$ cat coords_17.cif   # mmCIF, C-alpha atoms
data_query
loop_
_atom_site.group_PDB
_atom_site.id
_atom_site.type_symbol
_atom_site.label_atom_id
_atom_site.label_comp_id
_atom_site.auth_asym_id
_atom_site.auth_seq_id
_atom_site.Cartn_x
_atom_site.Cartn_y
_atom_site.Cartn_z
ATOM 1 C CA LEU A 9 40.600 25.632 -192.662
ATOM 2 C CA ASN A 10 43.266 23.044 -192.249
ATOM 3 C CA ARG A 11 45.368 22.119 -195.260
ATOM 4 C CA ASP A 12 43.731 18.728 -195.894
ATOM 5 C CA ARG A 13 40.238 20.194 -195.852
ATOM 6 C CA LEU A 14 41.255 23.091 -198.090
ATOM 7 C CA ARG A 15 42.905 20.641 -200.494
ATOM 8 C CA GLU A 16 39.705 18.579 -200.687
ATOM 9 C CA GLU A 17 37.601 21.690 -201.324
ATOM 10 C CA VAL A 18 39.899 22.839 -204.109
ATOM 11 C CA LEU A 19 39.989 19.367 -205.698
ATOM 12 C CA VAL A 20 36.173 19.303 -205.787
ATOM 13 C CA LEU A 21 36.151 22.818 -207.234
ATOM 14 C CA LYS A 22 38.731 21.890 -209.886
ATOM 15 C CA LYS A 23 36.775 18.781 -210.886
ATOM 16 C CA ASP A 24 33.904 20.952 -212.096
ATOM 17 C CA ARG A 25 36.278 23.364 -213.845
ATOM 18 C CA LYS A 26 38.248 20.788 -215.900
ATOM 19 C CA ILE A 27 37.489 20.001 -219.506
ATOM 20 C CA GLN A 28 39.345 17.308 -221.394
ATOM 21 C CA ILE A 29 39.852 18.541 -224.960
ATOM 22 C CA GLY A 30 41.993 15.684 -226.209
ATOM 23 C CA ILE A 31 43.349 12.340 -225.103
ATOM 24 C CA ASN A 32 46.303 14.030 -223.400
ATOM 25 C CA VAL A 33 45.094 17.631 -223.110
ATOM 26 C CA THR A 34 42.988 19.153 -220.343
ATOM 27 C CA LEU A 35 41.971 22.734 -219.619
ATOM 28 C CA LEU A 36 41.465 23.872 -216.032
ATOM 29 C CA PHE A 37 39.467 27.084 -215.798
ATOM 30 C CA GLU A 38 41.019 28.996 -212.928
ATOM 31 C CA ASN A 39 39.529 31.291 -210.317
ATOM 32 C CA LEU A 40 40.832 33.101 -207.247
ATOM 33 C CA LYS A 41 40.524 30.042 -205.005
ATOM 34 C CA THR A 42 42.331 27.642 -207.358
ATOM 35 C CA ILE A 43 45.191 30.081 -207.892
ATOM 36 C CA LYS A 44 45.430 31.019 -204.216
ATOM 37 C CA TYR A 45 45.728 27.335 -203.346
ATOM 38 C CA GLN A 46 48.364 26.812 -206.059
ATOM 39 C CA ILE A 47 50.426 29.706 -204.705
ATOM 40 C CA GLN A 48 50.201 28.380 -201.147
ATOM 41 C CA GLU A 49 51.276 24.919 -202.273
ATOM 42 C CA MET A 50 54.219 26.244 -204.282
ATOM 43 C CA LEU A 51 55.388 28.345 -201.328
ATOM 44 C CA ARG A 52 55.128 25.295 -199.063
ATOM 45 C CA ILE A 53 56.795 22.832 -201.447
ATOM 46 C CA GLU A 54 59.607 25.205 -202.395
ATOM 47 C CA LYS A 55 59.973 26.401 -198.774
ATOM 48 C CA ILE A 56 59.686 30.049 -199.753
ATOM 49 C CA PHE A 57 59.352 32.336 -196.731
ATOM 50 C CA GLU A 58 61.181 35.495 -197.781
ATOM 51 C CA PRO A 59 59.089 38.472 -198.987
ATOM 52 C CA ASN A 60 60.939 38.644 -202.338
ATOM 53 C CA GLY A 61 60.347 34.957 -203.044
ATOM 54 C CA ILE A 62 56.688 35.248 -202.101
ATOM 55 C CA GLN A 63 56.316 38.256 -204.384
ATOM 56 C CA GLU A 64 57.877 36.319 -207.279
ATOM 57 C CA GLU A 65 55.285 33.561 -206.856
ATOM 58 C CA LEU A 66 52.466 36.116 -206.668
ATOM 59 C CA ASP A 67 53.769 37.829 -209.809
ATOM 60 C CA ALA A 68 53.896 34.477 -211.620
ATOM 61 C CA TYR A 69 50.412 33.301 -210.661
ATOM 62 C CA ASN A 70 48.334 36.488 -210.360
ATOM 63 C CA PRO A 71 47.946 36.815 -214.153
ATOM 64 C CA LEU A 72 46.000 33.526 -214.054
ATOM 65 C CA ILE A 73 43.193 35.037 -211.952
ATOM 66 C CA PRO A 74 40.213 36.095 -214.095
ATOM 67 C CA ASP A 75 39.293 39.763 -213.673
ATOM 68 C CA GLY A 76 35.570 39.368 -214.296
ATOM 69 C CA SER A 77 35.689 40.178 -217.996
ATOM 70 C CA ASN A 78 37.601 37.123 -219.156
ATOM 71 C CA LEU A 79 38.234 33.427 -218.630
ATOM 72 C CA LYS A 80 41.618 32.063 -217.607
ATOM 73 C CA ALA A 81 42.649 28.457 -218.041
ATOM 74 C CA THR A 82 45.740 26.367 -217.511
ATOM 75 C CA MET A 83 46.428 23.840 -220.264
ATOM 76 C CA PHE A 84 47.804 20.513 -219.104
ATOM 77 C CA ILE A 85 49.470 18.336 -221.736
ATOM 78 C CA GLU A 86 50.236 15.012 -220.133
ATOM 79 C CA PHE A 87 52.124 11.949 -221.317
ATOM 80 C CA GLN A 88 53.172 9.365 -218.734
ATOM 81 C CA LYS A 89 56.418 8.197 -220.339
ATOM 82 C CA GLU A 90 59.157 10.814 -220.422
ATOM 83 C CA SER A 91 60.495 9.629 -223.785
ATOM 84 C CA VAL A 92 57.029 9.898 -225.356
ATOM 85 C CA ARG A 93 56.422 13.246 -223.662
ATOM 86 C CA LYS A 94 59.616 14.781 -225.065
ATOM 87 C CA GLU A 95 58.773 13.707 -228.613
ATOM 88 C CA LYS A 96 55.079 14.632 -228.476
ATOM 89 C CA LEU A 97 55.684 18.074 -226.967
ATOM 90 C CA LYS A 98 57.946 18.920 -229.905
ATOM 91 C CA THR A 99 55.026 18.276 -232.263
ATOM 92 C CA LEU A 100 52.625 20.353 -230.166
ATOM 93 C CA VAL A 101 54.517 23.644 -230.263
ATOM 94 C CA GLY A 102 51.930 26.364 -230.844
ATOM 95 C CA ILE A 103 48.966 24.297 -229.629
ATOM 96 C CA GLU A 104 47.953 27.215 -227.380
ATOM 97 C CA ASP A 105 47.194 29.234 -230.507
ATOM 98 C CA GLU A 106 44.684 26.629 -231.716
ATOM 99 C CA VAL A 107 42.381 26.745 -228.668
ATOM 100 C CA TRP A 108 39.033 28.466 -229.053
ATOM 101 C CA LEU A 109 35.633 28.690 -227.416
ATOM 102 C CA GLN A 110 32.326 28.921 -229.225
ATOM 103 C CA VAL A 111 28.907 29.433 -227.680
ATOM 104 C CA GLY A 112 26.004 28.515 -229.924
ATOM 105 C CA GLU A 113 26.229 30.030 -233.383
ATOM 106 C CA ASN A 114 28.453 32.903 -232.239
ATOM 107 C CA ASP A 115 31.946 33.434 -233.610
ATOM 108 C CA ARG A 116 34.836 31.450 -232.197
ATOM 109 C CA ILE A 117 36.845 33.243 -229.549
ATOM 110 C CA PHE A 118 40.499 32.245 -229.712
ATOM 111 C CA ALA A 119 42.645 31.938 -226.619
ATOM 112 C CA ILE A 120 45.384 34.453 -225.947
ATOM 113 C CA ALA A 121 48.373 32.613 -224.522
ATOM 114 C CA ASP A 122 50.426 34.372 -221.876
ATOM 115 C CA GLU A 123 53.846 34.568 -223.446
ATOM 116 C CA ASP A 124 55.425 35.589 -220.139
ATOM 117 C CA LEU A 125 54.691 32.247 -218.481
ATOM 118 C CA GLU A 126 57.223 29.461 -218.650
ATOM 119 C CA ARG A 127 56.078 26.334 -220.441
ATOM 120 C CA SER A 128 57.334 23.077 -219.029
ATOM 121 C CA SER A 129 58.296 20.166 -221.236
ATOM 122 C CA HIS A 130 58.615 17.617 -218.444
#

$ encode --input "coords_17.cif" --output "structure tokens"
Amino acid sequence: LNRDRLREEVLVLKKDRKIQIGINVTLLFENLKTIKYQIQEMLRIEKIFEPNGIQEELDAYNPLIPDGSNLKATMFIEFQKESVRKEKLKTLVGIEDEVWLQVGENDRIFAIADEDLERSSH
């Protein structure tokens, strides 16, 4: 596949895997293809060609691939204006601990945030 076609395929795939849970908050449920594409794009954008650099990217993103017994999602918190974003993100510290999933009348299942991943405030 060429890059443009792969990008289109992944965008279509992501569209069906995104859930908006607030005005400025979206969850993207990841899978192997979405993460593989993200890794490839990061390597391309950051011009990483050395084995050590590639391994660092793999180590950063591989934990986001579901293993068949769990769901993995990336939380996007988006505010267009930087000044608003900086202030709002301060008030949302810990939001990852408030996310849960409930199917029918079953108990809520709370998310487990990956503490090893860097959280961006920009």

$ atom_distance --input "coords_17.cif" --atom1 "atom CA of A:Asn70" --atom2 "atom CA of A:Glu17"
20.4 Å

$ residues_near_point --input "coords_17.cif" --point "(36.6, 27.1, -226.0)" --cutoff "12 Å" --atoms "all atoms listed in the file" --output "ChimeraX atom specification"
/A:27-29,34-37,79-81,83,104-112,114-120

$ resolve_selection --input "coords_17.cif" --expression "the PyMOL selection byres ((chain A and resi 96-103) around 10)" --output "VMD selection string"
chain A and resid 83 85 to 87 90 to 95 104 to 107 121 128 to 130

$ resolve_selection --input "coords_17.cif" --expression "the PyMOL selection byres ((chain A and resi 18) around 12)" --output "VMD selection string"
chain A and resid 9 11 to 17 19 to 25 38 to 46 49

$ resolve_selection --input "coords_17.cif" --expression "the PyMOL selection byres ((chain A and resi 50) around 12)" --output "list in words"
Ile43, Lys44, Tyr45, Gln46, Ile47, Gln48, Glu49, Leu51, Arg52, Ile53, Glu54, Lys55, Ile56, Phe57, Gly61, Ile62, Glu64, Glu65, Leu66, Ala68 and Tyr69 of chain A
